[in-house]
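What's in query00.pdb: PDB, C-alpha atoms
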ATOM      1  CA  MET A   1     144.347 103.497-150.907  1.00  0.00           C
ATOM      2  CA  PRO A   2     144.262 106.325-148.341  1.00  0.00           C
ATOM      3  CA  ILE A   3     141.014 107.983-147.413  1.00  0.00           C
ATOM      4  CA  THR A   4     140.673 111.658-148.316  1.00  0.00           C
ATOM      5  CA  ARG A   5     140.204 114.271-145.624  1.00  0.00           C
ATOM      6  CA  GLU A   6     136.629 114.963-146.781  1.00  0.00           C
ATOM      7  CA  LYS A   7     135.763 111.260-146.592  1.00  0.00           C
ATOM      8  CA  LYS A   8     137.246 111.058-143.073  1.00  0.00           C
ATOM      9  CA  GLU A   9     135.167 114.060-141.989  1.00  0.00           C
ATOM     10  CA  THR A  10     132.053 112.411-143.420  1.00  0.00           C
ATOM     11  CA  ILE A  11     132.820 109.181-141.540  1.00  0.00           C
ATOM     12  CA  ILE A  12     133.418 111.097-138.303  1.00  0.00           C
ATOM     13  CA  THR A  13     130.126 112.979-138.721  1.00  0.00           C
ATOM     14  CA  ASP A  14     128.262 109.710-139.375  1.00  0.00           C
ATOM     15  CA  LEU A  15     129.849 108.080-136.313  1.00  0.00           C
ATOM     16  CA  LYS A  16     128.956 111.076-134.115  1.00  0.00           C
ATOM     17  CA  LYS A  17     125.306 110.850-135.237  1.00  0.00           C
ATOM     18  CA  LEU A  18     125.362 107.106-134.595  1.00  0.00           C
ATOM     19  CA  ILE A  19     126.739 107.497-131.069  1.00  0.00           C
ATOM     20  CA  GLU A  20     124.755 110.577-129.935  1.00  0.00           C
ATOM     21  CA  LYS A  21     121.316 108.996-129.816  1.00  0.00           C
ATOM     22  CA  ALA A  22     122.241 105.375-129.138  1.00  0.00           C
ATOM     23  CA  SER A  23     121.073 103.700-125.940  1.00  0.00           C
ATOM     24  CA  ILE A  24     123.794 101.045-126.345  1.00  0.00           C
ATOM     25  CA  LEU A  25     126.872 100.571-128.505  1.00  0.00           C
ATOM     26  CA  VAL A  26     128.410  97.174-129.141  1.00  0.00           C
ATOM     27  CA  PHE A  27     131.871  96.782-130.650  1.00  0.00           C
ATOM     28  CA  VAL A  28     132.370  93.667-132.758  1.00  0.00           C
ATOM     29  CA  ASN A  29     135.400  92.188-134.461  1.00  0.00           C
ATOM     30  CA  PHE A  30     134.247  91.010-137.881  1.00  0.00           C
ATOM     31  CA  HIS A  31     137.556  89.498-139.042  1.00  0.00           C
ATOM     32  CA  GLY A  32     136.782  86.376-141.067  1.00  0.00           C
ATOM     33  CA  LEU A  33     133.130  87.249-141.656  1.00  0.00           C
ATOM     34  CA  SER A  34     132.252  86.482-145.278  1.00  0.00           C
ATOM     35  CA  VAL A  35     130.472  89.073-147.413  1.00  0.00           C
ATOM     36  CA  ALA A  36     127.350  86.896-147.563  1.00  0.00           C
ATOM     37  CA  LYS A  37     127.232  86.567-143.771  1.00  0.00           C
ATOM     38  CA  GLU A  38     127.844  90.286-143.358  1.00  0.00           C
ATOM     39  CA  ARG A  39     124.917  91.057-145.659  1.00  0.00           C
ATOM     40  CA  LYS A  40     122.769  88.653-143.653  1.00  0.00           C
ATOM     41  CA  LEU A  41     123.819  90.381-140.407  1.00  0.00           C
ATOM     42  CA  ARG A  42     123.149  93.848-141.838  1.00  0.00           C
ATOM     43  CA  GLY A  43     119.709  92.709-143.001  1.00  0.00           C
ATOM     44  CA  GLN A  44     118.815  91.354-139.564  1.00  0.00           C
ATOM     45  CA  LEU A  45     120.049  94.530-137.868  1.00  0.00           C
ATOM     46  CA  ARG A  46     118.223  96.781-140.330  1.00  0.00           C
ATOM     47  CA  GLY A  47     115.010  94.815-139.765  1.00  0.00           C
ATOM     48  CA  ALA A  48     115.297  95.499-136.023  1.00  0.00           C
ATOM     49  CA  ASP A  49     116.074  99.230-136.552  1.00  0.00           C
ATOM     50  CA  ILE A  50     119.659  98.809-135.353  1.00  0.00           C
ATOM     51  CA  LYS A  51     122.533 100.619-137.066  1.00  0.00           C
ATOM     52  CA  TYR A  52     125.828  98.989-138.038  1.00  0.00           C
ATOM     53  CA  LYS A  53     128.885 100.945-139.115  1.00  0.00           C
ATOM     54  CA  VAL A  54     132.423  99.898-139.957  1.00  0.00           C
ATOM     55  CA  ALA A  55     135.150 102.506-139.514  1.00  0.00           C
ATOM     56  CA  LYS A  56     138.853 102.835-138.987  1.00  0.00           C
ATOM     57  CA  LYS A  57     139.858 102.469-135.351  1.00  0.00           C
ATOM     58  CA  THR A  58     141.637 105.835-135.316  1.00  0.00           C
ATOM     59  CA  LEU A  59     138.505 107.641-136.492  1.00  0.00           C
ATOM     60  CA  LEU A  60     136.329 105.721-134.029  1.00  0.00           C
ATOM     61  CA  LYS A  61     138.706 106.600-131.198  1.00  0.00           C
ATOM     62  CA  LYS A  62     138.538 110.313-132.137  1.00  0.00           C
ATOM     63  CA  VAL A  63     134.746 110.243-132.107  1.00  0.00           C
ATOM     64  CA  LEU A  64     134.606 108.398-128.763  1.00  0.00           C
ATOM     65  CA  GLU A  65     137.040 110.840-127.189  1.00  0.00           C
ATOM     66  CA  SER A  66     135.073 113.825-128.500  1.00  0.00           C
ATOM     67  CA  ALA A  67     131.922 112.267-126.984  1.00  0.00           C
ATOM     68  CA  GLY A  68     133.610 112.162-123.574  1.00  0.00           C
ATOM     69  CA  PHE A  69     134.877 108.580-123.488  1.00  0.00           C
ATOM     70  CA  MET A  70     138.527 109.289-122.749  1.00  0.00           C
ATOM     71  CA  ASP A  71     139.458 105.875-121.372  1.00  0.00           C
ATOM     72  CA  ALA A  72     138.818 104.043-124.648  1.00  0.00           C
ATOM     73  CA  PRO A  73     139.893 100.398-124.478  1.00  0.00           C
ATOM     74  CA  LYS A  74     142.225  98.931-127.060  1.00  0.00           C
ATOM     75  CA  LEU A  75     140.031  97.683-129.874  1.00  0.00           C
ATOM     76  CA  GLU A  76     141.672  94.707-131.576  1.00  0.00           C
ATOM     77  CA  GLY A  77     141.107  93.621-135.168  1.00  0.00           C
ATOM     78  CA  GLU A  78     138.603  94.935-137.679  1.00  0.00           C
ATOM     79  CA  ILE A  79     135.946  96.857-135.769  1.00  0.00           C
ATOM     80  CA  GLY A  80     132.280  97.345-136.435  1.00  0.00           C
ATOM     81  CA  VAL A  81     129.957  99.424-134.266  1.00  0.00           C
ATOM     82  CA  VAL A  82     126.391  98.263-133.608  1.00  0.00           C
ATOM     83  CA  ALA A  83     124.112 100.985-132.231  1.00  0.00           C
ATOM     84  CA  GLY A  84     120.742 100.313-130.650  1.00  0.00           C
ATOM     85  CA  TYR A  85     118.186 103.040-130.059  1.00  0.00           C
ATOM     86  CA  SER A  86     115.320 101.418-128.188  1.00  0.00           C
ATOM     87  CA  GLU A  87     115.733  98.454-125.858  1.00  0.00           C
ATOM     88  CA  VAL A  88     119.320  97.979-124.715  1.00  0.00           C
ATOM     89  CA  THR A  89     118.931  94.198-124.765  1.00  0.00           C
ATOM     90  CA  LYS A  90     117.896  93.985-128.416  1.00  0.00           C
ATOM     91  CA  PRO A  91     121.276  94.520-130.194  1.00  0.00           C
ATOM     92  CA  PRO A  92     123.242  92.186-127.889  1.00  0.00           C
ATOM     93  CA  ALA A  93     120.534  89.511-128.159  1.00  0.00           C
ATOM     94  CA  LEU A  94     120.515  89.731-131.950  1.00  0.00           C
ATOM     95  CA  LEU A  95     124.316  89.557-132.101  1.00  0.00           C
ATOM     96  CA  VAL A  96     124.514  86.597-129.702  1.00  0.00           C
ATOM     97  CA  LYS A  97     121.870  84.767-131.741  1.00  0.00           C
ATOM     98  CA  PHE A  98     123.740  85.514-134.988  1.00  0.00           C
ATOM     99  CA  ILE A  99     127.052  84.318-133.541  1.00  0.00           C
ATOM    100  CA  LYS A 100     125.452  81.076-132.304  1.00  0.00           C
ATOM    101  CA  GLY A 101     123.912  80.462-135.714  1.00  0.00           C
ATOM    102  CA  GLU A 102     126.960  81.288-137.826  1.00  0.00           C
ATOM    103  CA  LYS A 103     129.632  79.906-135.453  1.00  0.00           C
ATOM    104  CA  GLU A 104     132.456  82.002-136.929  1.00  0.00           C
ATOM    105  CA  GLY A 105     133.543  85.371-138.220  1.00  0.00           C
ATOM    106  CA  LEU A 106     132.019  87.687-135.620  1.00  0.00           C
ATOM    107  CA  LYS A 107     133.094  88.311-132.045  1.00  0.00           C
ATOM    108  CA  ILE A 108     131.721  90.730-129.448  1.00  0.00           C
ATOM    109  CA  ILE A 109     134.602  92.649-127.880  1.00  0.00           C
ATOM    110  CA  GLY A 110     132.750  95.100-125.637  1.00  0.00           C
ATOM    111  CA  GLY A 111     130.592  98.158-125.784  1.00  0.00           C
ATOM    112  CA  ILE A 112     129.230 101.270-124.158  1.00  0.00           C
ATOM    113  CA  TYR A 113     126.311 100.761-121.801  1.00  0.00           C
ATOM    114  CA  GLU A 114     124.963 103.406-119.410  1.00  0.00           C
ATOM    115  CA  SER A 115     127.653 105.856-120.562  1.00  0.00           C
ATOM    116  CA  LYS A 116     130.614 103.659-119.662  1.00  0.00           C
ATOM    117  CA  TYR A 117     132.712 100.978-121.274  1.00  0.00           C
ATOM    118  CA  VAL A 118     131.783  97.390-120.508  1.00  0.00           C
ATOM    119  CA  GLY A 119     133.389  94.124-121.496  1.00  0.00           C
ATOM    120  CA  ALA A 120     132.106  91.421-123.801  1.00  0.00           C
ATOM    121  CA  ASP A 121     130.794  89.425-120.808  1.00  0.00           C
ATOM    122  CA  ILE A 122     128.382  92.228-119.810  1.00  0.00           C
ATOM    123  CA  ILE A 123     127.183  92.623-123.403  1.00  0.00           C
ATOM    124  CA  LYS A 124     126.560  88.862-123.626  1.00  0.00           C
ATOM    125  CA  GLN A 125     124.654  88.952-120.306  1.00  0.00           C
ATOM    126  CA  LEU A 126     122.472  91.756-121.698  1.00  0.00           C
ATOM    127  CA  GLY A 127     121.862  89.575-124.741  1.00  0.00           C
ATOM    128  CA  ALA A 128     120.564  86.788-122.496  1.00  0.00           C
ATOM    129  CA  ILE A 129     117.840  88.984-120.976  1.00  0.00           C
ATOM    130  CA  PRO A 130     114.438  88.362-122.579  1.00  0.00           C
ATOM    131  CA  SER A 131     112.619  91.180-124.349  1.00  0.00           C
ATOM    132  CA  ARG A 132     110.453  93.647-122.441  1.00  0.00           C
ATOM    133  CA  GLU A 133     107.230  91.963-123.598  1.00  0.00           C
ATOM    134  CA  VAL A 134     108.409  88.549-122.382  1.00  0.00           C
ATOM    135  CA  LEU A 135     109.445  89.977-119.003  1.00  0.00           C
ATOM    136  CA  LEU A 136     106.088  91.729-118.569  1.00  0.00           C
ATOM    137  CA  THR A 137     104.279  88.480-119.409  1.00  0.00           C
ATOM    138  CA  GLN A 138     106.360  86.608-116.849  1.00  0.00           C
ATOM    139  CA  ILE A 139     105.624  89.230-114.190  1.00  0.00           C
ATOM    140  CA  ALA A 140     101.896  89.121-114.963  1.00  0.00           C
ATOM    141  CA  PHE A 141     101.948  85.323-114.663  1.00  0.00           C
ATOM    142  CA  ILE A 142     103.822  85.442-111.350  1.00  0.00           C
ATOM    143  CA  LEU A 143     101.445  88.061-109.935  1.00  0.00           C
ATOM    144  CA  SER A 144      98.348  86.129-111.015  1.00  0.00           C
ATOM    145  CA  GLN A 145      99.395  82.850-109.384  1.00  0.00           C
ATOM    146  CA  PRO A 146      98.458  83.667-105.742  1.00  0.00           C
ATOM    147  CA  VAL A 147      94.985  84.755-106.837  1.00  0.00           C
ATOM    148  CA  ALA A 148      94.566  81.636-108.983  1.00  0.00           C
ATOM    149  CA  SER A 149      95.721  79.423-106.087  1.00  0.00           C
ATOM    150  CA  LEU A 150      93.239  81.086-103.737  1.00  0.00           C
ATOM    151  CA  ALA A 151      90.436  80.588-106.269  1.00  0.00           C
ATOM    152  CA  ARG A 152      91.317  76.872-106.605  1.00  0.00           C
ATOM    153  CA  ALA A 153      91.426  76.443-102.826  1.00  0.00           C
ATOM    154  CA  LEU A 154      88.046  78.146-102.363  1.00  0.00           C
ATOM    155  CA  SER A 155      86.596  76.007-105.139  1.00  0.00           C
ATOM    156  CA  GLU A 156      87.798  72.821-103.406  1.00  0.00           C
ATOM    157  CA  VAL A 157      86.401  73.987-100.060  1.00  0.00           C
ATOM    158  CA  SER A 158      82.997  74.681-101.631  1.00  0.00           C
ATOM    159  CA  LYS A 159      83.005  71.239-103.289  1.00  0.00           C
ATOM    160  CA  LYS A 160      83.716  69.549 -99.927  1.00  0.00           C
ATOM    161  CA  GLY A 161      80.992  71.621 -98.302  1.00  0.00           C
ATOM    162  CA  GLN A 162      78.421  70.316-100.814  1.00  0.00           C
ATOM    163  CA  ASN A 163      79.248  66.663-100.140  1.00  0.00           C
TER     164      ASN A 163
END

Can the structure in the file be given as structure tokens, please?
Amino acid sequence: MPITREKKETIITDLKKLIEKASILVFVNFHGLSVAKERKLRGQLRGADIKYKVAKKTLLKKVLESAGFMDAPKLEGEIGVVAGYSEVTKPPALLVKFIKGEKEGLKIIGGIYESKYVGADIIKQLGAIPSREVLLTQIAFILSQPVASLARALSEVSKKGQN
């Protein structure tokens, strides 16, 4: 059943809103994803304040071109767009985790990161980066180690001096 012109305009408007404010866009091929798994994915994305939209490739291409992305890659299969608005690592990490858990039905095919197209490998690498809180904790730990080592060394020296 063909989509009416009004419905197409609504979809295009929704996609433009989705793309305008996003810090990262991830394109996924959801061919073979069951309805139950799709609902599970949507629930996880919604819980993390990440938007997910399915649209016809022709409409998506129009929106991307109007947003200034003229060199749109060929998007194969049934395409869904995942848009993240805060940390750029959050949507890829959630998608990678979902794909590992479900094993089938969803495939990352690329995305838009820092205002340019990137391949699936870059998106997966972004998904492997820990969250901001974890990185800050790791940095704090690394920075505290020299001071802790100095304190232990001084403690040992004072113990030897008392003997």

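Here, the PyMOL selection byres ((chain A and resi 54-62) around 9) matches A:Lys8, A:Ile11, A:Ile12, A:Leu15, A:Tyr52, A:Lys53, A:Val63, A:Leu64, A:Glu65, A:Ser66, A:Ala67, A:Phe69, A:Met70, A:Ala72, A:Leu75, A:Glu76, A:Gly77, A:Glu78, A:Ile79, A:Gly80, A:Val81, A:Val82.
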
Create the file for the chosen residues now, containing C-alpha atoms and written as a PDB file, in the frame of the given file.
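Once written, part21.pdb looks like this:
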ATOM      1  CA  LYS A   8     137.246 111.058-143.073  1.00  0.00           C
ATOM      2  CA  ILE A  11     132.820 109.181-141.540  1.00  0.00           C
ATOM      3  CA  ILE A  12     133.418 111.097-138.303  1.00  0.00           C
ATOM      4  CA  LEU A  15     129.849 108.080-136.313  1.00  0.00           C
ATOM      5  CA  TYR A  52     125.828  98.989-138.038  1.00  0.00           C
ATOM      6  CA  LYS A  53     128.885 100.945-139.115  1.00  0.00           C
ATOM      7  CA  VAL A  63     134.746 110.243-132.107  1.00  0.00           C
ATOM      8  CA  LEU A  64     134.606 108.398-128.763  1.00  0.00           C
ATOM      9  CA  GLU A  65     137.040 110.840-127.189  1.00  0.00           C
ATOM     10  CA  SER A  66     135.073 113.825-128.500  1.00  0.00           C
ATOM     11  CA  ALA A  67     131.922 112.267-126.984  1.00  0.00           C
ATOM     12  CA  PHE A  69     134.877 108.580-123.488  1.00  0.00           C
ATOM     13  CA  MET A  70     138.527 109.289-122.749  1.00  0.00           C
ATOM     14  CA  ALA A  72     138.818 104.043-124.648  1.00  0.00           C
ATOM     15  CA  LEU A  75     140.031  97.683-129.874  1.00  0.00           C
ATOM     16  CA  GLU A  76     141.672  94.707-131.576  1.00  0.00           C
ATOM     17  CA  GLY A  77     141.107  93.621-135.168  1.00  0.00           C
ATOM     18  CA  GLU A  78     138.603  94.935-137.679  1.00  0.00           C
ATOM     19  CA  ILE A  79     135.946  96.857-135.769  1.00  0.00           C
ATOM     20  CA  GLY A  80     132.280  97.345-136.435  1.00  0.00           C
ATOM     21  CA  VAL A  81     129.957  99.424-134.266  1.00  0.00           C
ATOM     22  CA  VAL A  82     126.391  98.263-133.608  1.00  0.00           C
TER      23      VAL A  82
END

Give me, as CSV, each residue of stretch 85-117 of chain A that comes within 10 Å of stretch 124-147 of chain A, together with its shortest interatomic pair and the distance in Å at one decimal, counting all atoms listed in the file, with rows ordered by chain and rising residue number.
residue,atom,partner,partner_atom,distance
A:Glu87,CA,A:Arg132,CA,7.9
A:Val88,CA,A:Leu126,CA,7.6
A:Thr89,CA,A:Leu126,CA,5.3
A:Lys90,CA,A:Gly127,CA,7.0
A:Pro91,CA,A:Gly127,CA,7.4
A:Pro92,CA,A:Gly127,CA,4.3
A:Ala93,CA,A:Gly127,CA,3.7
A:Leu94,CA,A:Gly127,CA,7.3
A:Leu95,CA,A:Gly127,CA,7.8
A:Val96,CA,A:Gly127,CA,6.4
A:Lys97,CA,A:Gly127,CA,8.5
A:Ile108,CA,A:Lys124,CA,8.0
A:Ile109,CA,A:Lys124,CA,9.9
A:Gly110,CA,A:Lys124,CA,9.0
A:Tyr113,CA,A:Leu126,CA,9.8

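Distance-wise, atom CA of A:Glu114 and atom CA of A:Phe27 end up 14.8 Å apart.
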
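For the atom pair formed by atom CA of A:Lys107 and atom CA of A:Glu9, the distance is 27.7 Å, given to one decimal.
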
Task: Nearest candidate to A:Ile24 (options A:Gln162, A:Ser149, A:Ser86, A:Ser155; using all atoms listed in the file) - done: A:Ser86

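Interatomic distance, atom CA of A:Arg39 to atom CA of A:Lys16: 23.5 Å.
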
Task: Residue contacts of A:Lys40 (12 Å, only C-alpha atoms) excluding same-chain residues fewer than 4 positions away, as number ranges by chain - done: A: 33-36, 44-47, 94-95, 98-99, 101-102

Open item on the list: Residues within 10 Å of A:Lys37, please, as a PyMOL selection string. Count all atoms listed in the file; anything in the same chain fewer than 5 positions from it doesn't count.
Closed with: chain A and resi 32+42-43+98+102+104-106

Let me have the centre and edge lengths of the axis-aligned box enclosing all listed atoms of stretch 87-94 of chain A with 8 Å padding on every side, in Å to one decimal, as lines of an AutoDock Vina configuration file.
center_x = 119.5
center_y = 94.0
center_z = -128.3
size_x = 23.5
size_y = 24.9
size_z = 23.2

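At a cut-off of 9 Å from (119.9, 103.9, -137.9), the residue set is A:Leu18, A:Arg46, A:Asp49, A:Ile50, A:Lys51, A:Tyr52, A:Ala83, A:Gly84, A:Tyr85 (counting only C-alpha atoms).
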
Can you rebuild stretch 29-64 of chain A with N, CA and C atoms and give it as an mmCIF file, keeping the file's coordinate frame?
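Wrote selection26.cif, looks like this:
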data_model
loop_
_atom_site.group_PDB
_atom_site.id
_atom_site.type_symbol
_atom_site.label_atom_id
_atom_site.label_comp_id
_atom_site.auth_asym_id
_atom_site.auth_seq_id
_atom_site.Cartn_x
_atom_site.Cartn_y
_atom_site.Cartn_z
ATOM 1 N N ASN A 29 134.291 92.474 -133.571
ATOM 2 C CA ASN A 29 135.400 92.188 -134.461
ATOM 3 C C ASN A 29 134.834 91.296 -135.556
ATOM 4 N N PHE A 30 134.858 91.763 -136.787
ATOM 5 C CA PHE A 30 134.247 91.010 -137.881
ATOM 6 C C PHE A 30 135.289 90.333 -138.767
ATOM 7 N N HIS A 31 136.505 90.153 -138.268
ATOM 8 C CA HIS A 31 137.556 89.498 -139.042
ATOM 9 C C HIS A 31 137.133 88.067 -139.375
ATOM 10 N N GLY A 32 137.162 87.720 -140.645
ATOM 11 C CA GLY A 32 136.782 86.376 -141.067
ATOM 12 C C GLY A 32 135.320 86.224 -141.426
ATOM 13 N N LEU A 33 134.553 87.293 -141.303
ATOM 14 C CA LEU A 33 133.130 87.249 -141.656
ATOM 15 C C LEU A 33 133.011 87.396 -143.174
ATOM 16 N N SER A 34 132.392 86.427 -143.825
ATOM 17 C CA SER A 34 132.252 86.482 -145.278
ATOM 18 C C SER A 34 131.277 87.599 -145.665
ATOM 19 N N VAL A 35 131.342 88.005 -146.915
ATOM 20 C CA VAL A 35 130.472 89.073 -147.413
ATOM 21 C C VAL A 35 129.010 88.643 -147.308
ATOM 22 N N ALA A 36 128.727 87.388 -147.629
ATOM 23 C CA ALA A 36 127.350 86.896 -147.563
ATOM 24 C C ALA A 36 126.823 86.940 -146.126
ATOM 25 N N LYS A 37 127.651 86.539 -145.176
ATOM 26 C CA LYS A 37 127.232 86.567 -143.771
ATOM 27 C C LYS A 37 127.087 88.001 -143.281
ATOM 28 N N GLU A 38 127.960 88.891 -143.762
ATOM 29 C CA GLU A 38 127.844 90.286 -143.358
ATOM 30 C C GLU A 38 126.543 90.893 -143.880
ATOM 31 N N ARG A 39 126.185 90.572 -145.107
ATOM 32 C CA ARG A 39 124.917 91.057 -145.659
ATOM 33 C C ARG A 39 123.738 90.524 -144.853
ATOM 34 N N LYS A 40 123.822 89.262 -144.466
ATOM 35 C CA LYS A 40 122.769 88.653 -143.653
ATOM 36 C C LYS A 40 122.657 89.381 -142.313
ATOM 37 N N LEU A 41 123.802 89.658 -141.682
ATOM 38 C CA LEU A 41 123.819 90.381 -140.407
ATOM 39 C C LEU A 41 123.232 91.776 -140.578
ATOM 40 N N ARG A 42 123.659 92.493 -141.594
ATOM 41 C CA ARG A 42 123.149 93.848 -141.838
ATOM 42 C C ARG A 42 121.636 93.829 -142.051
ATOM 43 N N GLY A 43 121.149 92.831 -142.765
ATOM 44 C CA GLY A 43 119.709 92.709 -143.001
ATOM 45 C C GLY A 43 118.942 92.485 -141.707
ATOM 46 N N GLN A 44 119.477 91.615 -140.848
ATOM 47 C CA GLN A 44 118.815 91.354 -139.564
ATOM 48 C C GLN A 44 118.826 92.604 -138.692
ATOM 49 N N LEU A 45 119.948 93.312 -138.675
ATOM 50 C CA LEU A 45 120.049 94.530 -137.868
ATOM 51 C C LEU A 45 119.119 95.614 -138.412
ATOM 52 N N ARG A 46 119.079 95.770 -139.708
ATOM 53 C CA ARG A 46 118.223 96.781 -140.330
ATOM 54 C C ARG A 46 116.753 96.491 -140.023
ATOM 55 N N GLY A 47 116.385 95.205 -140.055
ATOM 56 C CA GLY A 47 115.010 94.815 -139.765
ATOM 57 C C GLY A 47 114.601 95.132 -138.337
ATOM 58 N N ALA A 48 115.570 95.193 -137.431
ATOM 59 C CA ALA A 48 115.297 95.499 -136.023
ATOM 60 C C ALA A 48 115.567 96.961 -135.696
ATOM 61 N N ASP A 49 115.786 97.802 -136.721
ATOM 62 C CA ASP A 49 116.074 99.230 -136.552
ATOM 63 C C ASP A 49 117.328 99.454 -135.701
ATOM 64 N N ILE A 50 118.363 98.697 -136.020
ATOM 65 C CA ILE A 50 119.659 98.809 -135.353
ATOM 66 C C ILE A 50 120.677 99.182 -136.420
ATOM 67 N N LYS A 51 121.543 100.141 -136.100
ATOM 68 C CA LYS A 51 122.533 100.619 -137.066
ATOM 69 C C LYS A 51 123.850 99.865 -136.899
ATOM 70 N N TYR A 52 124.530 99.664 -138.026
ATOM 71 C CA TYR A 52 125.828 98.989 -138.038
ATOM 72 C C TYR A 52 126.765 99.792 -138.909
ATOM 73 N N LYS A 53 127.933 100.120 -138.377
ATOM 74 C CA LYS A 53 128.885 100.945 -139.115
ATOM 75 C C LYS A 53 130.286 100.388 -138.910
ATOM 76 N N VAL A 54 131.023 100.308 -139.999
ATOM 77 C CA VAL A 54 132.423 99.898 -139.957
ATOM 78 C C VAL A 54 133.260 101.142 -140.194
ATOM 79 N N ALA A 55 134.292 101.333 -139.367
ATOM 80 C CA ALA A 55 135.150 102.506 -139.514
ATOM 81 C C ALA A 55 136.556 102.180 -139.032
ATOM 82 N N LYS A 56 137.475 103.003 -139.448
ATOM 83 C CA LYS A 56 138.853 102.835 -138.987
ATOM 84 C C LYS A 56 138.900 103.097 -137.481
ATOM 85 N N LYS A 57 139.757 102.347 -136.807
ATOM 86 C CA LYS A 57 139.858 102.469 -135.351
ATOM 87 C C LYS A 57 140.298 103.869 -134.920
ATOM 88 N N THR A 58 141.174 104.495 -135.685
ATOM 89 C CA THR A 58 141.637 105.835 -135.316
ATOM 90 C C THR A 58 140.494 106.840 -135.368
ATOM 91 N N LEU A 59 139.641 106.728 -136.386
ATOM 92 C CA LEU A 59 138.505 107.641 -136.492
ATOM 93 C C LEU A 59 137.486 107.364 -135.386
ATOM 94 N N LEU A 60 137.254 106.094 -135.098
ATOM 95 C CA LEU A 60 136.329 105.721 -134.029
ATOM 96 C C LEU A 60 136.838 106.244 -132.688
ATOM 97 N N LYS A 61 138.127 106.121 -132.457
ATOM 98 C CA LYS A 61 138.706 106.600 -131.198
ATOM 99 C C LYS A 61 138.536 108.114 -131.062
ATOM 100 N N LYS A 62 138.728 108.856 -132.160
ATOM 101 C CA LYS A 62 138.538 110.313 -132.137
ATOM 102 C C LYS A 62 137.104 110.670 -131.759
ATOM 103 N N VAL A 63 136.158 109.966 -132.368
ATOM 104 C CA VAL A 63 134.746 110.243 -132.107
ATOM 105 C C VAL A 63 134.401 109.906 -130.652
ATOM 106 N N LEU A 64 134.886 108.783 -130.156
ATOM 107 C CA LEU A 64 134.606 108.398 -128.763
ATOM 108 C C LEU A 64 135.206 109.400 -127.788
#
